[in-house]
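The file upload29.cif contains mmCIF, C-alpha atoms and all ligand atoms:
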data_upload
loop_
_atom_site.group_PDB
_atom_site.id
_atom_site.type_symbol
_atom_site.label_atom_id
_atom_site.label_comp_id
_atom_site.auth_asym_id
_atom_site.auth_seq_id
_atom_site.Cartn_x
_atom_site.Cartn_y
_atom_site.Cartn_z
ATOM 1 C CA MET A 1306 8.928 -10.361 17.401
ATOM 2 C CA ARG A 1307 8.333 -6.730 16.366
ATOM 3 C CA HIS A 1308 8.382 -5.843 12.665
ATOM 4 C CA LEU A 1309 7.561 -2.581 10.868
ATOM 5 C CA LEU A 1310 5.551 -3.630 7.825
ATOM 6 C CA SER A 1311 3.124 -0.721 8.091
ATOM 7 C CA LEU A 1312 2.598 1.993 10.683
ATOM 8 C CA PHE A 1313 -0.326 -0.001 12.076
ATOM 9 C CA ASP A 1314 2.452 -2.056 13.726
ATOM 10 C CA LEU A 1315 3.308 0.839 16.067
ATOM 11 C CA THR A 1316 1.104 2.578 18.649
ATOM 12 C CA SER A 1317 0.964 6.392 18.749
ATOM 13 C CA ASP A 1318 3.222 6.395 21.814
ATOM 14 C CA GLU A 1319 5.713 4.090 20.113
ATOM 15 C CA ILE A 1320 5.849 6.398 17.069
ATOM 16 C CA ARG A 1321 6.458 9.340 19.434
ATOM 17 C CA SER A 1322 9.293 7.372 21.098
ATOM 18 C CA VAL A 1323 10.900 6.629 17.716
ATOM 19 C CA LEU A 1324 10.632 10.311 16.713
ATOM 20 C CA ALA A 1325 12.077 11.489 20.028
ATOM 21 C CA LEU A 1326 14.992 9.088 19.640
ATOM 22 C CA ALA A 1327 15.491 10.229 16.042
ATOM 23 C CA ALA A 1328 15.565 13.897 17.103
ATOM 24 C CA GLN A 1329 18.021 13.071 19.901
ATOM 25 C CA LEU A 1330 20.338 11.121 17.575
ATOM 26 C CA LYS A 1331 20.153 13.917 14.999
ATOM 27 C CA GLN A 1332 21.176 16.481 17.627
ATOM 28 C CA GLU A 1333 23.952 14.254 18.956
ATOM 29 C CA LEU A 1334 25.327 13.757 15.444
ATOM 30 C CA ALA A 1335 25.259 17.532 14.868
ATOM 31 C CA ASN A 1336 27.342 17.824 18.051
ATOM 32 C CA GLY A 1337 29.879 15.380 16.602
ATOM 33 C CA ASN A 1338 28.819 12.342 18.633
ATOM 34 C CA ARG A 1339 28.530 9.132 16.566
ATOM 35 C CA HIS A 1340 26.640 7.323 19.384
ATOM 36 C CA VAL A 1341 27.634 3.656 18.930
ATOM 37 C CA HIS A 1342 24.290 2.083 19.931
ATOM 38 C CA LEU A 1343 24.390 -0.849 17.494
ATOM 39 C CA ALA A 1344 28.035 -1.922 17.574
ATOM 40 C CA GLN A 1345 28.654 -5.126 15.593
ATOM 41 C CA HIS A 1346 24.996 -5.334 14.524
ATOM 42 C CA ASN A 1347 24.211 -6.190 10.916
ATOM 43 C CA LEU A 1348 21.368 -4.968 8.726
ATOM 44 C CA ALA A 1349 20.487 -6.790 5.476
ATOM 45 C CA LEU A 1350 19.037 -4.590 2.729
ATOM 46 C CA LEU A 1351 16.940 -6.565 0.251
ATOM 47 C CA PHE A 1352 15.906 -4.407 -2.681
ATOM 48 C CA GLU A 1353 13.780 -5.430 -5.687
ATOM 49 C CA LYS A 1354 13.471 -1.801 -6.887
ATOM 50 C CA PRO A 1355 15.990 1.046 -7.280
ATOM 51 C CA SER A 1356 16.700 3.448 -4.411
ATOM 52 C CA LEU A 1357 18.940 6.347 -3.464
ATOM 53 C CA ARG A 1358 17.537 7.733 -0.199
ATOM 54 C CA THR A 1359 16.387 4.523 1.466
ATOM 55 C CA ARG A 1360 19.444 2.467 0.654
ATOM 56 C CA VAL A 1361 22.052 5.133 1.465
ATOM 57 C CA SER A 1362 20.299 6.431 4.587
ATOM 58 C CA PHE A 1363 20.081 2.889 5.993
ATOM 59 C CA GLU A 1364 23.724 2.143 5.118
ATOM 60 C CA CYS A 1365 25.094 5.415 6.545
ATOM 61 C CA GLY A 1366 22.760 5.378 9.548
ATOM 62 C CA MET A 1367 23.816 1.859 10.469
ATOM 63 C CA SER A 1368 27.501 2.752 10.081
ATOM 64 C CA GLN A 1369 27.080 5.832 12.317
ATOM 65 C CA LEU A 1370 25.504 3.596 14.962
ATOM 66 C CA GLY A 1371 28.594 1.364 14.929
ATOM 67 C CA GLY A 1372 26.962 -1.411 12.902
ATOM 68 C CA HIS A 1373 27.124 -2.597 9.324
ATOM 69 C CA ALA A 1374 24.677 -2.863 6.426
ATOM 70 C CA LEU A 1375 24.844 -5.389 3.582
ATOM 71 C CA TYR A 1376 23.132 -4.409 0.342
ATOM 72 C CA LEU A 1377 21.715 -7.578 -1.195
ATOM 73 C CA GLY A 1378 20.318 -7.094 -4.681
ATOM 74 C CA GLN A 1379 18.359 -9.618 -6.653
ATOM 75 C CA ASP A 1380 21.262 -12.066 -6.942
ATOM 76 C CA VAL A 1381 20.693 -13.519 -3.455
ATOM 77 C CA GLY A 1382 17.625 -14.870 -5.164
ATOM 78 C CA TRP A 1383 15.020 -14.814 -2.461
ATOM 79 C CA GLY A 1384 11.883 -16.619 -3.550
ATOM 80 C CA LYS A 1385 13.629 -17.649 -6.778
ATOM 81 C CA ARG A 1386 16.791 -19.599 -5.933
ATOM 82 C CA GLU A 1387 15.162 -21.084 -2.840
ATOM 83 C CA SER A 1388 11.890 -20.720 -0.984
ATOM 84 C CA VAL A 1389 11.174 -17.563 1.011
ATOM 85 C CA LYS A 1390 10.952 -19.759 4.117
ATOM 86 C CA ASP A 1391 14.436 -21.210 3.669
ATOM 87 C CA PHE A 1392 15.834 -17.830 2.647
ATOM 88 C CA SER A 1393 14.377 -15.892 5.569
ATOM 89 C CA GLU A 1394 15.191 -18.493 8.224
ATOM 90 C CA VAL A 1395 18.821 -18.698 7.076
ATOM 91 C CA LEU A 1396 19.240 -14.910 6.700
ATOM 92 C CA SER A 1397 18.043 -14.530 10.308
ATOM 93 C CA GLU A 1398 20.974 -16.689 11.439
ATOM 94 C CA TYR A 1399 23.429 -14.029 10.188
ATOM 95 C CA VAL A 1400 21.890 -10.591 10.603
ATOM 96 C CA ASP A 1401 20.125 -8.701 13.403
ATOM 97 C CA VAL A 1402 17.558 -6.867 11.273
ATOM 98 C CA VAL A 1403 16.304 -6.863 7.669
ATOM 99 C CA ALA A 1404 14.955 -3.990 5.534
ATOM 100 C CA CYS A 1405 13.150 -5.002 2.358
ATOM 101 C CA ARG A 1406 11.875 -3.045 -0.678
ATOM 102 C CA SER A 1407 9.594 -5.147 -2.855
ATOM 103 C CA TYR A 1408 6.887 -4.750 -5.452
ATOM 104 C CA LYS A 1409 4.242 -6.751 -3.638
ATOM 105 C CA HIS A 1410 3.493 -6.089 0.021
ATOM 106 C CA GLU A 1411 2.969 -9.850 0.487
ATOM 107 C CA THR A 1412 6.712 -10.305 -0.145
ATOM 108 C CA VAL A 1413 7.676 -8.424 3.053
ATOM 109 C CA GLU A 1414 4.837 -10.128 4.932
ATOM 110 C CA GLN A 1415 6.168 -13.531 3.883
ATOM 111 C CA LEU A 1416 9.726 -12.600 4.783
ATOM 112 C CA ALA A 1417 8.553 -11.467 8.232
ATOM 113 C CA ARG A 1418 6.526 -14.642 8.745
ATOM 114 C CA TYR A 1419 9.683 -16.774 8.622
ATOM 115 C CA SER A 1420 12.166 -14.287 10.059
ATOM 116 C CA SER A 1421 13.474 -14.567 13.595
ATOM 117 C CA VAL A 1422 14.806 -10.970 13.417
ATOM 118 C CA PRO A 1423 12.808 -7.742 12.872
ATOM 119 C CA VAL A 1424 11.804 -6.931 9.277
ATOM 120 C CA ILE A 1425 11.377 -3.295 8.180
ATOM 121 C CA ASN A 1426 9.369 -2.354 5.090
ATOM 122 C CA ALA A 1427 11.624 -0.165 2.934
ATOM 123 C CA LEU A 1428 8.715 0.469 0.468
ATOM 124 C CA THR A 1429 6.137 -1.785 -1.105
ATOM 125 C CA ASP A 1430 3.207 -1.074 -3.412
ATOM 126 C CA TYR A 1431 1.070 -0.768 -0.231
ATOM 127 C CA SER A 1432 3.139 1.403 2.078
ATOM 128 C CA HIS A 1433 6.335 3.305 2.824
ATOM 129 C CA PRO A 1434 6.432 3.641 6.617
ATOM 130 C CA CYS A 1435 10.077 4.793 6.904
ATOM 131 C CA GLN A 1436 9.264 7.696 4.601
ATOM 132 C CA ALA A 1437 6.296 8.718 6.754
ATOM 133 C CA LEU A 1438 8.418 8.729 9.936
ATOM 134 C CA ALA A 1439 10.853 11.151 8.260
ATOM 135 C CA ASP A 1440 7.937 13.231 6.972
ATOM 136 C CA VAL A 1441 6.398 13.842 10.391
ATOM 137 C CA LEU A 1442 9.847 14.448 11.885
ATOM 138 C CA THR A 1443 10.246 17.196 9.271
ATOM 139 C CA VAL A 1444 6.800 18.721 9.926
ATOM 140 C CA GLN A 1445 7.533 18.693 13.662
ATOM 141 C CA GLU A 1446 10.862 20.472 13.159
ATOM 142 C CA GLU A 1447 9.519 22.994 10.684
ATOM 143 C CA CYS A 1448 6.150 23.747 12.311
ATOM 144 C CA GLY A 1449 7.221 23.330 15.941
ATOM 145 C CA ASN A 1450 4.578 20.705 16.724
ATOM 146 C CA LEU A 1451 2.319 18.105 15.074
ATOM 147 C CA GLU A 1452 -1.025 18.023 16.910
ATOM 148 C CA GLY A 1453 -3.695 19.939 14.972
ATOM 149 C CA ARG A 1454 -1.472 20.607 11.935
ATOM 150 C CA HIS A 1455 -2.873 19.983 8.442
ATOM 151 C CA VAL A 1456 -0.966 17.962 5.827
ATOM 152 C CA VAL A 1457 -2.368 17.932 2.273
ATOM 153 C CA PHE A 1458 -1.137 15.224 -0.085
ATOM 154 C CA VAL A 1459 -1.667 16.178 -3.742
ATOM 155 C CA GLY A 1460 -1.521 12.938 -5.681
ATOM 156 C CA ASP A 1461 -2.987 9.476 -5.883
ATOM 157 C CA ALA A 1462 -3.768 7.192 -2.930
ATOM 158 C CA ASN A 1463 -0.413 5.444 -3.228
ATOM 159 C CA ASN A 1464 2.033 3.810 -0.810
ATOM 160 C CA VAL A 1465 3.465 7.160 0.365
ATOM 161 C CA ALA A 1466 -0.001 8.701 0.838
ATOM 162 C CA ARG A 1467 -1.233 5.690 2.830
ATOM 163 C CA SER A 1468 1.702 5.712 5.254
ATOM 164 C CA LEU A 1469 1.492 9.478 5.643
ATOM 165 C CA ALA A 1470 -2.249 9.233 6.348
ATOM 166 C CA ILE A 1471 -1.692 6.571 9.017
ATOM 167 C CA VAL A 1472 1.088 8.460 10.788
ATOM 168 C CA CYS A 1473 -0.984 11.662 10.692
ATOM 169 C CA GLY A 1474 -3.999 9.801 12.096
ATOM 170 C CA LYS A 1475 -1.910 8.343 14.906
ATOM 171 C CA LEU A 1476 -0.360 11.689 15.848
ATOM 172 C CA GLY A 1477 -3.425 13.964 15.711
ATOM 173 C CA VAL A 1478 -2.525 15.631 12.394
ATOM 174 C CA ARG A 1479 -5.335 16.452 9.924
ATOM 175 C CA PHE A 1480 -4.794 14.759 6.573
ATOM 176 C CA THR A 1481 -6.374 15.599 3.219
ATOM 177 C CA LEU A 1482 -5.818 13.743 -0.037
ATOM 178 C CA ALA A 1483 -6.377 15.965 -3.095
ATOM 179 C CA CYS A 1484 -6.764 14.139 -6.395
ATOM 180 C CA PRO A 1485 -9.354 13.098 -9.012
ATOM 181 C CA GLU A 1486 -11.996 10.836 -7.469
ATOM 182 C CA PRO A 1487 -10.980 7.601 -9.240
ATOM 183 C CA TYR A 1488 -7.503 7.901 -7.676
ATOM 184 C CA GLN A 1489 -8.717 8.434 -4.093
ATOM 185 C CA PHE A 1490 -8.715 5.719 -1.396
ATOM 186 C CA SER A 1491 -11.714 3.407 -1.788
ATOM 187 C CA ALA A 1492 -14.282 3.451 1.024
ATOM 188 C CA GLU A 1493 -12.798 0.183 2.282
ATOM 189 C CA GLN A 1494 -9.228 1.474 2.208
ATOM 190 C CA LYS A 1495 -10.261 4.705 3.952
ATOM 191 C CA LEU A 1496 -12.032 2.723 6.652
ATOM 192 C CA GLU A 1497 -8.956 0.560 7.194
ATOM 193 C CA ILE A 1498 -6.887 3.700 7.866
ATOM 194 C CA GLU A 1499 -9.563 5.359 10.028
ATOM 195 C CA ASN A 1500 -10.111 2.224 12.110
ATOM 196 C CA GLY A 1501 -6.417 2.205 13.013
ATOM 197 C CA CYS A 1502 -6.457 5.862 14.101
ATOM 198 C CA ASP A 1503 -8.908 7.169 16.755
ATOM 199 C CA GLY A 1504 -10.607 10.497 15.962
ATOM 200 C CA PHE A 1505 -8.734 10.966 12.700
ATOM 201 C CA GLN A 1506 -9.680 14.037 10.634
ATOM 202 C CA PHE A 1507 -9.263 12.559 7.179
ATOM 203 C CA ALA A 1508 -10.747 14.075 4.006
ATOM 204 C CA GLN A 1509 -10.477 13.412 0.275
ATOM 205 C CA LEU A 1510 -11.180 16.211 -2.195
ATOM 206 C CA ALA A 1511 -11.057 16.642 -5.950
ATOM 207 C CA ASP A 1512 -10.852 20.452 -5.511
ATOM 208 C CA VAL A 1513 -7.117 20.920 -4.911
ATOM 209 C CA ALA A 1514 -7.204 24.700 -4.308
ATOM 210 C CA ALA A 1515 -9.854 24.243 -1.592
ATOM 211 C CA ALA A 1516 -7.831 21.382 -0.078
ATOM 212 C CA VAL A 1517 -4.684 23.488 0.413
ATOM 213 C CA ALA A 1518 -6.417 26.649 1.712
ATOM 214 C CA ASP A 1519 -5.318 26.049 5.331
ATOM 215 C CA ALA A 1520 -2.480 23.572 4.755
ATOM 216 C CA ASP A 1521 0.602 23.615 6.977
ATOM 217 C CA ALA A 1522 2.344 21.297 4.496
ATOM 218 C CA ILE A 1523 1.644 20.501 0.848
ATOM 219 C CA TYR A 1524 3.114 17.150 -0.152
ATOM 220 C CA THR A 1525 3.314 15.524 -3.543
ATOM 221 C CA ASP A 1526 4.811 12.423 -5.170
ATOM 222 C CA VAL A 1527 5.220 11.121 -8.731
ATOM 223 C CA TRP A 1528 1.956 10.512 -10.585
ATOM 224 C CA ALA A 1529 2.990 6.965 -11.558
ATOM 225 C CA SER A 1530 4.852 4.927 -8.948
ATOM 226 C CA MET A 1531 7.470 2.246 -9.630
ATOM 227 C CA GLY A 1532 5.604 -0.627 -11.267
ATOM 228 C CA GLN A 1533 2.964 1.696 -12.816
ATOM 229 C CA GLU A 1534 5.092 2.848 -15.769
ATOM 230 C CA LYS A 1535 2.469 1.663 -18.277
ATOM 231 C CA GLU A 1536 -0.048 4.126 -16.785
ATOM 232 C CA GLN A 1537 2.343 7.099 -17.067
ATOM 233 C CA LYS A 1538 0.705 8.745 -20.117
ATOM 234 C CA LYS A 1539 -2.860 8.388 -18.843
ATOM 235 C CA ARG A 1540 -1.876 9.676 -15.410
ATOM 236 C CA GLU A 1541 -0.133 12.718 -16.935
ATOM 237 C CA GLN A 1542 -3.493 13.639 -18.479
ATOM 238 C CA ASP A 1543 -5.574 12.822 -15.406
ATOM 239 C CA PHE A 1544 -3.312 14.761 -13.015
ATOM 240 C CA ALA A 1545 -2.553 17.770 -15.256
ATOM 241 C CA ALA A 1546 -4.690 20.040 -13.041
ATOM 242 C CA TYR A 1547 -2.977 18.743 -9.889
ATOM 243 C CA GLN A 1548 0.532 20.028 -10.481
ATOM 244 C CA VAL A 1549 2.044 21.756 -7.439
ATOM 245 C CA ASN A 1550 3.108 25.091 -8.967
ATOM 246 C CA GLN A 1551 3.342 28.688 -7.755
ATOM 247 C CA SER A 1552 -0.320 29.287 -8.413
ATOM 248 C CA LEU A 1553 -1.300 26.359 -6.135
ATOM 249 C CA MET A 1554 1.214 27.443 -3.453
ATOM 250 C CA GLN A 1555 -0.444 30.870 -3.538
ATOM 251 C CA ALA A 1556 -3.793 29.268 -2.701
ATOM 252 C CA ALA A 1557 -2.221 28.249 0.652
ATOM 253 C CA PRO A 1558 -0.828 30.414 3.484
ATOM 254 C CA GLU A 1559 2.663 31.886 2.991
ATOM 255 C CA SER A 1560 3.949 29.810 5.899
ATOM 256 C CA THR A 1561 2.990 26.515 4.205
ATOM 257 C CA ILE A 1562 5.957 24.235 3.570
ATOM 258 C CA PHE A 1563 6.382 22.035 0.514
ATOM 259 C CA LEU A 1564 7.387 18.363 0.871
ATOM 260 C CA HIS A 1565 8.137 15.587 -1.650
ATOM 261 C CA CYS A 1566 9.463 12.102 -0.881
ATOM 262 C CA LEU A 1567 11.670 12.291 -4.021
ATOM 263 C CA PRO A 1568 12.670 11.301 -6.636
ATOM 264 C CA ALA A 1569 10.638 14.028 -8.380
ATOM 265 C CA ARG A 1570 9.649 14.338 -12.003
ATOM 266 C CA ARG A 1571 10.336 18.047 -12.372
ATOM 267 C CA GLY A 1572 7.749 19.795 -14.540
ATOM 268 C CA GLN A 1573 5.129 17.118 -13.898
ATOM 269 C CA GLU A 1574 3.806 16.810 -10.339
ATOM 270 C CA VAL A 1575 5.912 19.816 -9.240
ATOM 271 C CA THR A 1576 7.522 22.783 -10.942
ATOM 272 C CA ASP A 1577 11.186 23.743 -10.481
ATOM 273 C CA ASP A 1578 10.299 27.036 -8.814
ATOM 274 C CA VAL A 1579 8.355 25.236 -6.050
ATOM 275 C CA LEU A 1580 10.837 22.378 -5.596
ATOM 276 C CA ASP A 1581 13.748 24.832 -5.414
ATOM 277 C CA GLY A 1582 11.760 27.667 -3.817
ATOM 278 C CA PRO A 1583 11.784 29.149 -0.306
ATOM 279 C CA GLN A 1584 8.886 27.020 0.959
ATOM 280 C CA SER A 1585 10.514 23.742 -0.074
ATOM 281 C CA ARG A 1586 11.923 21.530 2.681
ATOM 282 C CA VAL A 1587 12.622 18.500 0.490
ATOM 283 C CA VAL A 1588 16.351 18.298 1.196
ATOM 284 C CA VAL A 1589 15.998 18.406 4.959
ATOM 285 C CA GLN A 1590 13.127 15.896 4.584
ATOM 286 C CA ALA A 1591 15.402 13.520 2.630
ATOM 287 C CA GLY A 1592 18.119 14.002 5.254
ATOM 288 C CA ASN A 1593 15.599 13.093 7.935
ATOM 289 C CA ARG A 1594 15.190 9.655 6.355
ATOM 290 C CA MET A 1595 18.482 8.725 7.977
ATOM 291 C CA HIS A 1596 17.700 10.227 11.380
ATOM 292 C CA ALA A 1597 14.220 8.678 11.522
ATOM 293 C CA GLN A 1598 15.550 5.237 10.506
ATOM 294 C CA LYS A 1599 18.315 5.443 13.095
ATOM 295 C CA GLY A 1600 15.672 6.125 15.734
ATOM 296 C CA LEU A 1601 13.649 3.199 14.395
ATOM 297 C CA LEU A 1602 16.608 0.772 14.315
ATOM 298 C CA VAL A 1603 17.708 1.600 17.861
ATOM 299 C CA TRP A 1604 14.119 1.399 19.164
ATOM 300 C CA LEU A 1605 13.299 -1.838 17.327
ATOM 301 C CA LEU A 1606 16.473 -3.634 18.372
ATOM 302 C CA LYS A 1607 15.944 -2.506 21.963
ATOM 303 C CA GLN A 1608 12.518 -4.205 21.876
ATOM 304 C CA GLN A 1609 14.172 -7.293 20.440
ATOM 305 C CA GLU A 1610 17.136 -7.473 22.772
ATOM 306 C CA GLY A 1611 15.580 -5.913 25.884
HETATM 307 N N1 LIG B 1 11.900 8.494 -1.073
HETATM 308 C C1 LIG B 1 12.545 7.334 -1.321
HETATM 309 O O1 LIG B 1 12.208 6.268 -0.798
HETATM 310 O O2 LIG B 1 13.587 7.463 -2.175
HETATM 311 P P1 LIG B 1 14.393 6.242 -2.846
HETATM 312 O O3 LIG B 1 13.446 5.547 -3.757
HETATM 313 O O4 LIG B 1 15.547 6.907 -3.561
HETATM 314 O O5 LIG B 1 14.861 5.329 -1.746
HETATM 315 N N1 LIG B 2 5.252 6.323 -4.798
HETATM 316 C C1 LIG B 2 6.643 6.217 -5.242
HETATM 317 C C2 LIG B 2 7.552 6.557 -4.116
HETATM 318 C C3 LIG B 2 9.027 6.473 -4.424
HETATM 319 C C4 LIG B 2 9.885 6.782 -3.235
HETATM 320 C C5 LIG B 2 6.905 4.810 -5.766
HETATM 321 O O1 LIG B 2 6.432 3.846 -5.156
HETATM 322 O O2 LIG B 2 7.556 4.678 -6.802
#

The structure given in the file should be rewritten as structure tokens.
Ligand code: CP
Ligand code: NVA
Amino acid sequence: MRHLLSLFDLTSDEIRSVLALAAQLKQELANGNRHVHLAQHNLALLFEKPSLRTRVSFECGMSQLGGHALYLGQDVGWGKRESVKDFSEVLSEYVDVVACRSYKHETVEQLARYSSVPVINALTDYSHPCQALADVLTVQEECGNLEGRHVVFVGDANNVARSLAIVCGKLGVRFTLACPEPYQFSAEQKLEIENGCDGFQFAQLADVAAAVADADAIYTDVWASMGQEKEQKKREQDFAAYQVNQSLMQAAPESTIFLHCLPARRGQEVTDDVLDGPQSRVVVQAGNRMHAQKGLLVWLLKQQEG
């Protein structure tokens, strides 16, 4: 059984296959072809946290592929109304694939343990692999290639940063995390990422201007992720010098693109003029969530069904 709980679950070649399929499906859709690869297949969406992009891109992507998605909020009561084991085993009797957004990463791991259909991580406190697939698809489209490119993430070592680091490591992209030292990956966390990615050029810097000097893409995310609301005020102080604004963009080449997973807190981690400016690719990046996930769904269900 293949799941996507983190990008360690896919080899570099498998990620390339998913991206190639995503690019093909995107092109076919642009040509007006709705490519019914998953006719009568059902995707369950289990969400503990709010979502626009992930939920809607999965629902629309599945519909375009000829299948159906069921959004299941908290009321199905997994882990509350009955055990995760009973819940996951029974859910697998109905649907072909599950995507789950939870606070704790252990929740998706537990779901996968008892599931007889593939489980996709739709964001946990540990990782956001679907986001990272869309991110590298966007860099590939915008920069023409991935190998040797340099992605700089300005923000804390969060779920989005971890998945982006892993996908970069697996695809030969340099990755730099720019943030205050206490918010960087611990030595153990950094080693976990490096061990999964041969020859990875992975740096962490507190000096954000130096970090972006040769960036192909500058990426940021909210300073306090969902579940960290209590730390918001402290993080606003700690990250004040790490805002992505025009002055930081000017420390990078003119060709550098700006990325953000969204939702953004305008005026905090990024200014309006950068988010809405000519270097920003955030809308196409958000659109690519759907194309990347379609590639993933078709690839994953092909592994499952042969
Ligand atoms: N980037 C992202 O996952 O957005 P949502 O939280 O809206 O799904
Ligand atoms: N790091 C953010 C990403 C939201 C898409 C969070 O977890 O809230």

- Item | Residue nearest ligand LIG 1 (chain B) among A:Ser1421, A:Asn1464, A:Ser1317, A:Gln1551 (counting only C-alpha atoms and all ligand atoms) | A:Asn1464

- Nearby polymer residues, ligand LIG 1 (chain B), at most 12 Å, all atoms listed in the file, as a ChimeraX atom specification: /A:1350,1352-1364,1404-1407,1426-1430,1432-1440,1464-1465,1525-1527,1530-1531,1564-1569,1587-1588,1590-1595,1598

- Task: Report the residues retrieved by the PyMOL selection byres (((chain A and resi 1383) around 12) and not hetatm) from the displayed file, expressed as a list in words.
- Result: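 Selection result, ordered by chain and number: Leu1351, Phe1352, Glu1353, Leu1377, Gly1378, Gln1379, Asp1380, Val1381, Gly1382, Gly1384, Lys1385, Arg1386, Glu1387, Ser1388, Val1389, Lys1390, Asp1391, Phe1392, Ser1393, Glu1394, Val1395, Leu1396, Cys1405, Ser1407, Thr1412, Val1413, Gln1415 and Leu1416 of chain A.
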
- So which residues touch Val1424 of chain A within 6 Å, counting all atoms listed in the file, skipping near sequence neighbours fewer than 6 positions away, as an MDAnalysis selection string? chainID A and resid 1308 1403:1404 1417

- Determine the nearest neighbour of Ala1518 of chain A from the options A:Leu1602, A:Ala1335, A:Ala1483, A:Ala1327, counting all atoms listed in the file.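 Checking each candidate against Ala1518 of chain A, we get A:Ala1483 as the closest.
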
- Message: For a quick check of understanding, using only C-alpha atoms and all ligand atoms, which of A:Gln1542, A:Gln1555, A:Gln1608, A:Asn1463 has the smallest distance to ligand LIG 2 (chain B)?
- Response: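 Closest residue, counting only C-alpha atoms and all ligand atoms: A:Asn1463.
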
Listed atoms of segment 1577-1585 of chain A boxed along x, y and z, 6 Å each side, centre and edge lengths in Å, one decimal, as JSON:
{"center_x": 11.1, "center_y": 25.8, "center_z": -4.8, "size_x": 17.4, "size_y": 18.8, "size_z": 23.4}

- Task: Could you tell me which residues the PyMOL selection byres (((chain A and resi 1600) around 8) and not hetatm) grabs in this file, written as a ChimeraX atom specification?
- Result: /A:1323-1328,1330,1596-1599,1601-1604
